[in-house]
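Below is one structure; the comments refer to it alone.
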Amino acid sequence: MNSSQRYEKTSPVTRRRGRSRAAGLLALVGLPALGLGELAMHVHFSERAPDFDAWREVKAPLAAMKQPGDLVVVAPAWADPAARRALGDELMPLRDAARPDESRYAAAVEISALGQRAEELAGFREEARQEHGGFVLRRLVNPSPARVAYDFVDHVAPASADVRVTDPPAACRWNPRARIAAGGLGGHPTFPAERFECPGGPFFNVGVTVIADEEFRPRRCIWSHPPRDGEIVTRFRDVPLGSVIRGHAGMYWIIERERRGAPVTLSVRVNGETVGEATHADGDGWAAFEFPLADHAGAARAEVEFAVKSADYTHRHYCFEADTR
């Protein structure tokens, strides 16, 4: 007797009981599997980066929490470009996105996604907190913000500054309508339309640009490629001084990571006197420097020079920022 014949001789009651037992076994196995599937999907979506629409949804609550002068910081840092695209320059202006550090800000709003926190705000005190979808907004207060008396990056223009090279001696001409030049992927940073142009070619100029540092984070700074010989010197006039001159310097990321260029030295002079030198070697990253001003501290008006040089000028994509505080 074959299987078809055996099935045909089975009673309807027996067949119904068999189907019922099969359905019960399926439920017993299927329900836990369904639960595990739901858990896996929950984990997947909770760990997935927010899409652009999600960032737009946080724009209104961010604008309500943010106060004038507040910094906006995104955690994790790799999500910063997506946030800036969605939130716009009004909430995340370039000078903040490409800041040298967080020391001058009295407060910051942290946008946290995926449960991440911004390490650079670790010393800030939480004042307010809100949750919106997959985001947590925190307004954080800096317990001791720096008081900046003069930001040199903001004054790279003929009204406040001039530029020269020393060997052979020559003045660098201010061009307010220079051709904007960008190196593209793997090339040099953008040379701005307003810059001092020095002899020797397009790389030898002084102007405000944004580099990507070794960690590929944006940094707004003063481009100052050292010349073949001597120094390139940017002089600022009538500077109100604090107690120190503080700043950072670095190389464009693709150069910094090669680890094969000559060190670059930045000398800072106040009224002709050298108050400090900072030497940058490939691999130092976005490195800080600070020079006490001693007898010059608190002067209402002073002349400050930043002189850049290197034993080998080849591919020295050097950029610095500084202030007095």
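Residue numbering restarts at 1 for every chain of the structure tokens, chains are lettered A, B, ... in their displayed order, and ligands are numbered from 1 as they appear.
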Got a sec to tell me which of range 193-300 of chain A DSSP assigns to alpha helix (DSSP H), as a list in words?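 DSSP-assigned alpha helix (DSSP H) residues in range 193-300 of chain A: Trp253, Ile254, Ile255 and Glu256 of chain A.
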Name all residues at most 9 Å from range 279-291 of chain A (count only C-alpha atoms; drop same-chain ones fewer than 6 positions away) and give them as JSON, numbers by chain. {"A": [100, 213, 214, 215, 219, 243, 244, 245, 246, 247, 248, 249, 250, 251, 253, 255, 256, 257, 258, 259, 260, 261, 262, 263, 264, 265, 266, 267, 268, 318, 322]}
Those residues with N, CA, C and O atoms, as a tab-separated table (two decimals), in the first residue's frame please?
chain	number	residue	atom	x	y	z
A	100	PRO	N	39.03	76.27	16.20
A	100	PRO	CA	40.31	75.71	16.64
A	100	PRO	C	40.14	74.77	17.83
A	100	PRO	O	40.80	73.75	17.93
A	213	ASP	N	42.43	68.63	9.02
A	213	ASP	CA	43.62	68.24	9.77
A	213	ASP	C	43.85	66.73	9.65
A	213	ASP	O	43.17	66.04	8.89
A	214	GLU	N	44.81	66.21	10.41
A	214	GLU	CA	45.19	64.81	10.26
A	214	GLU	C	44.02	63.87	10.58
A	214	GLU	O	43.94	62.77	10.05
A	215	GLU	N	43.11	64.30	11.44
A	215	GLU	CA	41.93	63.51	11.76
A	215	GLU	C	40.76	63.83	10.83
A	215	GLU	O	39.64	63.41	11.08
A	219	ARG	N	39.47	72.93	10.02
A	219	ARG	CA	40.13	73.92	10.87
A	219	ARG	C	40.27	75.23	10.07
A	219	ARG	O	40.92	75.26	9.03
A	243	SER	N	47.12	88.37	28.11
A	243	SER	CA	48.30	87.93	28.85
A	243	SER	C	49.10	86.87	28.11
A	243	SER	O	50.26	86.61	28.44
A	244	VAL	N	48.49	86.24	27.09
A	244	VAL	CA	49.19	85.22	26.29
A	244	VAL	C	48.78	85.36	24.84
A	244	VAL	O	47.74	85.94	24.51
A	245	ILE	N	49.61	84.81	23.95
A	245	ILE	CA	49.21	84.53	22.58
A	245	ILE	C	49.10	83.02	22.47
A	245	ILE	O	50.04	82.29	22.79
A	246	ARG	N	47.94	82.58	22.07
A	246	ARG	CA	47.63	81.16	22.05
A	246	ARG	C	47.12	80.77	20.67
A	246	ARG	O	46.45	81.56	20.01
A	247	GLY	N	47.44	79.57	20.23
A	247	GLY	CA	46.96	79.15	18.92
A	247	GLY	C	47.20	77.69	18.65
A	247	GLY	O	47.54	76.90	19.54
A	248	HIS	N	46.97	77.32	17.40
A	248	HIS	CA	47.17	75.96	16.92
A	248	HIS	C	47.79	76.03	15.52
A	248	HIS	O	47.61	77.02	14.80
A	249	ALA	N	48.47	74.98	15.15
A	249	ALA	CA	49.03	74.90	13.80
A	249	ALA	C	48.98	73.45	13.33
A	249	ALA	O	49.00	72.51	14.14
A	250	GLY	N	48.92	73.29	12.02
A	250	GLY	CA	48.88	71.95	11.47
A	250	GLY	C	49.11	71.96	9.98
A	250	GLY	O	49.22	73.01	9.35
A	251	MET	N	49.16	70.79	9.44
A	251	MET	CA	49.33	70.58	8.00
A	251	MET	C	48.04	70.01	7.42
A	251	MET	O	47.25	69.37	8.11
A	253	TRP	N	45.83	67.36	5.76
A	253	TRP	CA	45.86	65.96	6.17
A	253	TRP	C	46.71	65.07	5.27
A	253	TRP	O	47.46	64.21	5.75
A	255	ILE	N	49.25	65.69	3.52
A	255	ILE	CA	50.68	65.94	3.71
A	255	ILE	C	51.11	65.46	5.09
A	255	ILE	O	52.14	64.80	5.26
A	256	GLU	N	50.31	65.78	6.11
A	256	GLU	CA	50.63	65.40	7.49
A	256	GLU	C	50.82	63.89	7.62
A	256	GLU	O	51.71	63.41	8.32
A	257	ARG	N	50.00	63.12	6.93
A	257	ARG	CA	50.03	61.66	7.09
A	257	ARG	C	51.20	61.00	6.37
A	257	ARG	O	51.53	59.85	6.65
A	258	GLU	N	51.87	61.72	5.48
A	258	GLU	CA	52.99	61.12	4.76
A	258	GLU	C	54.23	60.97	5.62
A	258	GLU	O	55.07	60.11	5.37
A	259	ARG	N	54.37	61.83	6.63
A	259	ARG	CA	55.47	61.73	7.59
A	259	ARG	C	56.85	61.80	6.93
A	259	ARG	O	57.77	61.08	7.31
A	260	ARG	N	57.02	62.67	5.97
A	260	ARG	CA	58.32	62.73	5.31
A	260	ARG	C	58.80	64.14	5.01
A	260	ARG	O	59.82	64.32	4.35
A	261	GLY	N	58.09	65.16	5.51
A	261	GLY	CA	58.48	66.54	5.23
A	261	GLY	C	59.35	67.12	6.33
A	261	GLY	O	59.46	66.58	7.44
A	262	ALA	N	59.97	68.25	6.03
A	262	ALA	CA	60.80	68.93	7.01
A	262	ALA	C	59.93	69.66	8.03
A	262	ALA	O	58.82	70.10	7.71
A	263	PRO	N	60.40	69.79	9.27
A	263	PRO	CA	59.65	70.56	10.27
A	263	PRO	C	59.48	72.02	9.84
A	263	PRO	O	60.29	72.56	9.09
A	264	VAL	N	58.41	72.63	10.32
A	264	VAL	CA	58.12	74.04	10.06
A	264	VAL	C	58.13	74.78	11.39
A	264	VAL	O	57.54	74.31	12.37
A	265	THR	N	58.79	75.93	11.43
A	265	THR	CA	58.88	76.71	12.66
A	265	THR	C	58.11	78.00	12.53
A	265	THR	O	58.27	78.74	11.56
A	266	LEU	N	57.27	78.26	13.53
A	266	LEU	CA	56.53	79.52	13.64
A	266	LEU	C	57.14	80.33	14.77
A	266	LEU	O	57.20	79.86	15.92
A	267	SER	N	57.61	81.53	14.46
A	267	SER	CA	58.13	82.46	15.46
A	267	SER	C	57.13	83.58	15.67
A	267	SER	O	56.62	84.13	14.69
A	268	VAL	N	56.85	83.90	16.93
A	268	VAL	CA	55.91	84.98	17.26
A	268	VAL	C	56.68	86.11	17.92
A	268	VAL	O	57.39	85.90	18.92
A	318	TYR	N	51.29	74.42	5.43
A	318	TYR	CA	51.20	74.83	6.84
A	318	TYR	C	50.11	75.89	7.01
A	318	TYR	O	49.96	76.80	6.19
A	322	ALA	N	45.60	81.91	15.65
A	322	ALA	CA	46.07	82.44	16.93
A	322	ALA	C	45.14	83.52	17.43
A	322	ALA	O	44.42	84.16	16.65
Residues of range 138-220 of chain A in strand (DSSP E or B), written as a PDB file with C-alpha atoms, in the first residue's frame:
ATOM      1  CA  ARG A 138      21.892  68.889  25.851  1.00  0.00           C
ATOM      2  CA  ARG A 139      22.763  72.508  26.571  1.00  0.00           C
ATOM      3  CA  LEU A 140      26.128  72.497  28.315  1.00  0.00           C
ATOM      4  CA  VAL A 141      27.800  75.435  30.078  1.00  0.00           C
ATOM      5  CA  TYR A 150      41.883  89.716  19.488  1.00  0.00           C
ATOM      6  CA  ASP A 151      41.485  86.927  16.950  1.00  0.00           C
ATOM      7  CA  ALA A 161      47.905  93.438   8.472  1.00  0.00           C
ATOM      8  CA  ASP A 162      50.631  93.211   5.846  1.00  0.00           C
ATOM      9  CA  VAL A 163      52.776  90.325   4.590  1.00  0.00           C
ATOM     10  CA  ARG A 164      56.363  90.100   3.329  1.00  0.00           C
ATOM     11  CA  VAL A 165      59.046  87.550   2.505  1.00  0.00           C
ATOM     12  CA  THR A 166      62.597  88.082   3.704  1.00  0.00           C
ATOM     13  CA  PRO A 169      63.034  90.941   0.701  1.00  0.00           C
ATOM     14  CA  ALA A 170      59.704  91.621  -0.987  1.00  0.00           C
ATOM     15  CA  ALA A 171      56.221  92.769  -0.058  1.00  0.00           C
ATOM     16  CA  ARG A 173      50.470  92.233  -2.690  1.00  0.00           C
ATOM     17  CA  TRP A 174      46.882  92.198  -1.425  1.00  0.00           C
ATOM     18  CA  ASN A 175      44.429  90.901  -4.019  1.00  0.00           C
ATOM     19  CA  ALA A 181      41.857  77.828  -6.431  1.00  0.00           C
ATOM     20  CA  PHE A 191      43.009  79.513  -1.736  1.00  0.00           C
ATOM     21  CA  ARG A 195      44.591  87.015   0.004  1.00  0.00           C
ATOM     22  CA  PHE A 196      48.113  88.406   0.069  1.00  0.00           C
ATOM     23  CA  GLU A 197      50.056  87.066  -2.931  1.00  0.00           C
ATOM     24  CA  ASN A 205      50.095  83.385  -0.276  1.00  0.00           C
ATOM     25  CA  VAL A 206      48.550  84.358   3.054  1.00  0.00           C
ATOM     26  CA  GLY A 207      44.797  84.174   3.478  1.00  0.00           C
ATOM     27  CA  VAL A 208      42.078  82.594   5.576  1.00  0.00           C
ATOM     28  CA  THR A 209      41.127  79.087   4.500  1.00  0.00           C
ATOM     29  CA  VAL A 210      39.881  75.812   5.977  1.00  0.00           C
ATOM     30  CA  ILE A 211      42.111  72.773   6.064  1.00  0.00           C
ATOM     31  CA  ALA A 212      41.250  69.205   6.968  1.00  0.00           C
ATOM     32  CA  PRO A 218      37.913  71.136   9.489  1.00  0.00           C
ATOM     33  CA  ARG A 219      40.126  73.922  10.870  1.00  0.00           C
ATOM     34  CA  ARG A 220      39.787  77.599   9.953  1.00  0.00           C
TER      35      ARG A 220
END
Please produce, as CSV, a per-residue contact table for range 113-203 of chain A versus range 50-70 of chain A (criterion: any atom at most 10 Å away, only C-alpha atoms considered), showing the nearest atom pair and its distance in Å to one decimal, sorted by chain then residue number.
residue,atom,partner,partner_atom,distance
A:Ala113,CA,A:Pro50,CA,7.6
A:Leu114,CA,A:Pro50,CA,8.5
A:Ala128,CA,A:Met65,CA,8.4
A:Arg129,CA,A:Met65,CA,9.2
A:Gln130,CA,A:Pro61,CA,8.6
A:Glu131,CA,A:Pro61,CA,9.5
A:His132,CA,A:Val58,CA,6.9
A:Gly133,CA,A:Ala54,CA,8.2
A:Gly134,CA,A:Pro50,CA,7.7
A:Phe135,CA,A:Val58,CA,7.7
A:Val136,CA,A:Val58,CA,9.5
A:Leu137,CA,A:Leu62,CA,7.3
A:Arg138,CA,A:Met65,CA,8.6
A:Arg139,CA,A:Met65,CA,7.2
A:Leu140,CA,A:Asp70,CA,9.3
A:Val141,CA,A:Asp70,CA,9.3
Output of the above residues as a compact mmCIF listing (two decimals), in the first residue's frame, restricted to all heavy atoms:
# COMPACT_ATOMS: atom_id res chain seq x y z
N ALA A 113 23.51 61.38 18.96
CA ALA A 113 22.83 60.29 18.25
C ALA A 113 23.52 58.98 18.61
O ALA A 113 24.71 58.96 18.95
CB ALA A 113 22.88 60.53 16.75
N LEU A 114 22.79 57.91 18.56
CA LEU A 114 23.32 56.57 18.82
C LEU A 114 23.93 56.46 20.21
O LEU A 114 24.84 55.66 20.45
CB LEU A 114 24.37 56.20 17.76
CG LEU A 114 23.92 56.30 16.30
CD1 LEU A 114 25.07 56.02 15.36
CD2 LEU A 114 22.75 55.37 16.02
N ALA A 128 20.44 71.84 30.48
CA ALA A 128 19.12 71.44 29.99
C ALA A 128 19.27 70.22 29.10
O ALA A 128 20.33 70.00 28.50
CB ALA A 128 18.46 72.59 29.22
N ARG A 129 18.18 69.45 29.00
CA ARG A 129 18.22 68.21 28.24
C ARG A 129 16.84 67.93 27.65
O ARG A 129 15.82 68.09 28.34
CB ARG A 129 18.65 67.06 29.16
CG ARG A 129 18.58 65.66 28.55
CD ARG A 129 18.75 64.64 29.66
NE ARG A 129 18.55 63.28 29.19
CZ ARG A 129 19.50 62.40 28.99
NH1 ARG A 129 20.76 62.72 29.22
NH2 ARG A 129 19.23 61.18 28.57
N GLN A 130 16.81 67.51 26.40
CA GLN A 130 15.57 67.13 25.74
C GLN A 130 15.83 65.91 24.85
O GLN A 130 16.93 65.76 24.31
CB GLN A 130 15.01 68.27 24.87
CG GLN A 130 14.63 69.52 25.63
CD GLN A 130 14.16 70.61 24.68
OE1 GLN A 130 13.97 70.39 23.49
NE2 GLN A 130 13.95 71.80 25.22
N GLU A 131 14.82 65.08 24.68
CA GLU A 131 14.90 63.94 23.77
C GLU A 131 13.92 64.15 22.63
O GLU A 131 12.76 64.53 22.85
CB GLU A 131 14.60 62.64 24.50
CG GLU A 131 15.65 62.28 25.54
CD GLU A 131 15.45 60.89 26.12
OE1 GLU A 131 14.70 60.11 25.50
OE2 GLU A 131 16.02 60.60 27.19
N HIS A 132 14.39 63.92 21.42
CA HIS A 132 13.56 64.06 20.22
C HIS A 132 13.88 62.89 19.30
O HIS A 132 14.93 62.86 18.65
CB HIS A 132 13.82 65.39 19.52
CG HIS A 132 13.46 66.59 20.34
ND1 HIS A 132 12.19 67.10 20.38
CD2 HIS A 132 14.23 67.36 21.17
CE1 HIS A 132 12.17 68.15 21.19
NE2 HIS A 132 13.40 68.32 21.68
N GLY A 133 12.97 61.91 19.26
CA GLY A 133 13.21 60.74 18.43
C GLY A 133 14.46 60.02 18.87
O GLY A 133 14.63 59.68 20.04
N GLY A 134 15.38 59.82 17.95
CA GLY A 134 16.63 59.14 18.27
C GLY A 134 17.73 60.08 18.75
O GLY A 134 18.88 59.64 18.87
N PHE A 135 17.40 61.34 19.01
CA PHE A 135 18.41 62.33 19.41
C PHE A 135 18.21 62.76 20.86
O PHE A 135 17.09 62.79 21.37
CB PHE A 135 18.32 63.57 18.53
CG PHE A 135 18.57 63.32 17.07
CD1 PHE A 135 17.51 63.14 16.20
CD2 PHE A 135 19.86 63.25 16.57
CE1 PHE A 135 17.72 62.91 14.85
CE2 PHE A 135 20.09 63.03 15.23
CZ PHE A 135 19.02 62.85 14.36
N VAL A 136 19.31 63.14 21.49
CA VAL A 136 19.27 63.81 22.79
C VAL A 136 19.97 65.16 22.62
O VAL A 136 21.11 65.21 22.15
CB VAL A 136 19.98 62.99 23.89
CG1 VAL A 136 19.96 63.75 25.21
CG2 VAL A 136 19.31 61.63 24.05
N LEU A 137 19.27 66.24 22.97
CA LEU A 137 19.85 67.58 22.94
C LEU A 137 20.22 67.98 24.37
O LEU A 137 19.40 67.87 25.28
CB LEU A 137 18.87 68.60 22.37
CG LEU A 137 18.33 68.36 20.96
CD1 LEU A 137 17.46 69.54 20.52
CD2 LEU A 137 19.46 68.15 19.97
N ARG A 138 21.45 68.42 24.54
CA ARG A 138 21.89 68.89 25.85
C ARG A 138 22.51 70.27 25.71
O ARG A 138 23.39 70.46 24.85
CB ARG A 138 22.94 67.95 26.46
CG ARG A 138 22.47 66.54 26.72
CD ARG A 138 23.62 65.69 27.26
NE ARG A 138 23.21 64.32 27.56
CZ ARG A 138 23.25 63.32 26.68
NH1 ARG A 138 23.68 63.56 25.44
NH2 ARG A 138 22.87 62.12 27.02
N ARG A 139 22.07 71.21 26.52
CA ARG A 139 22.76 72.51 26.57
C ARG A 139 23.76 72.44 27.72
O ARG A 139 23.40 72.18 28.87
CB ARG A 139 21.81 73.68 26.77
CG ARG A 139 22.53 75.02 26.64
CD ARG A 139 21.59 76.22 26.55
NE ARG A 139 22.34 77.42 26.22
CZ ARG A 139 22.93 78.23 27.12
NH1 ARG A 139 22.81 77.96 28.42
NH2 ARG A 139 23.60 79.28 26.74
N LEU A 140 25.03 72.67 27.37
CA LEU A 140 26.13 72.50 28.32
C LEU A 140 26.86 73.82 28.50
O LEU A 140 27.13 74.54 27.53
CB LEU A 140 27.10 71.44 27.79
CG LEU A 140 26.47 70.08 27.44
CD1 LEU A 140 27.44 69.24 26.64
CD2 LEU A 140 26.05 69.37 28.70
N VAL A 141 27.19 74.15 29.74
CA VAL A 141 27.80 75.44 30.08
C VAL A 141 29.28 75.24 30.39
O VAL A 141 29.65 74.33 31.14
CB VAL A 141 27.08 76.08 31.28
CG1 VAL A 141 27.78 77.38 31.69
CG2 VAL A 141 25.62 76.36 30.94
Which residues of range 191-256 of chain A have any atom within 10 Å of an atom in range 269-275 of chain A when counting only C-alpha atoms, and what is the closest pair of atoms for each, with the distance in Å to one decimal? Order the rows by chain and rising number and write it as JSON lines.
{"residue": "A:Arg235", "atom": "CA", "partner": "A:Arg269", "partner_atom": "CA", "distance": 9.2}
{"residue": "A:Phe236", "atom": "CA", "partner": "A:Val270", "partner_atom": "CA", "distance": 9.7}
{"residue": "A:Arg237", "atom": "CA", "partner": "A:Asn271", "partner_atom": "CA", "distance": 9.7}
{"residue": "A:Val239", "atom": "CA", "partner": "A:Val270", "partner_atom": "CA", "distance": 9.7}
{"residue": "A:Leu241", "atom": "CA", "partner": "A:Val270", "partner_atom": "CA", "distance": 9.7}
{"residue": "A:Val244", "atom": "CA", "partner": "A:Val275", "partner_atom": "CA", "distance": 9.5}
{"residue": "A:Ile245", "atom": "CA", "partner": "A:Val275", "partner_atom": "CA", "distance": 8.9}
Write the residues you've just listed into a file as a compact mmCIF listing (two decimals), in the first residue's frame, and include C-alpha atoms for each of them.
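Result written to again_14.txt:
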# COMPACT_ATOMS: atom_id res chain seq x y z
CA ARG A 235 52.44 91.48 10.68
CA PHE A 236 49.39 92.72 12.57
CA ARG A 237 49.24 96.34 13.68
CA VAL A 239 46.75 94.70 18.43
CA LEU A 241 47.02 92.24 23.94
CA VAL A 244 49.19 85.22 26.29
CA ILE A 245 49.21 84.53 22.58
What's the separation between CA of Val148 in chain A and CA of Cys172 in chain A, in Å to one decimal place?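 Atom-to-atom, CA of Val148 in chain A and CA of Cys172 in chain A are spaced 28.2 Å apart.
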May I ask which of the residues A:Arg316, A:Glu110, A:Gly242, A:Val233 is the closest one to Arg301 in chain A, counting only C-alpha atoms? A:Gly242
Nearest to Asp167 in chain A: which of A:His155, A:Arg85, A:Arg48, A:Lys309 is it, counting only C-alpha atoms? A:Lys309
Which polymer residues have any atom within 8 Å of an atom of range 94-96 of chain A, counting only C-alpha atoms, with same-chain residues fewer than 3 positions away left out, as a list in words? Leu71, Val72, Asp89, Arg99 and Arg220 of chain A
Write a file of the selected residues as a tab-separated table (two decimals), in the first residue's frame, keeping N, CA and C atoms.
chain	number	residue	atom	x	y	z
A	71	LEU	N	27.82	77.20	20.79
A	71	LEU	CA	28.40	76.27	19.83
A	71	LEU	C	27.48	75.07	19.69
A	72	VAL	N	27.35	74.53	18.49
A	72	VAL	CA	26.62	73.28	18.27
A	72	VAL	C	27.63	72.19	17.94
A	89	ASP	N	23.74	76.85	7.79
A	89	ASP	CA	24.78	77.74	8.33
A	89	ASP	C	24.30	78.59	9.48
A	99	ARG	N	36.20	75.40	14.05
A	99	ARG	CA	36.79	76.08	15.21
A	99	ARG	C	38.16	75.48	15.55
A	220	ARG	N	39.68	76.27	10.57
A	220	ARG	CA	39.79	77.60	9.95
A	220	ARG	C	41.09	78.23	10.42
Nearest to Tyr105 in chain A among A:Leu185, A:Ala311, A:Ala146, A:Ala299, with distances taken over only C-alpha atoms: which residue is it? A:Ala146
Given the choices A:Arg179, A:His296, A:His317, A:Arg125, which gets closest to Trp223 in chain A if the distance is worked out from only C-alpha atoms? A:His317
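CA of Pro240 in chain A to CA of Ala149 in chain A spans 6.6 Å [interatomic distance, one decimal].
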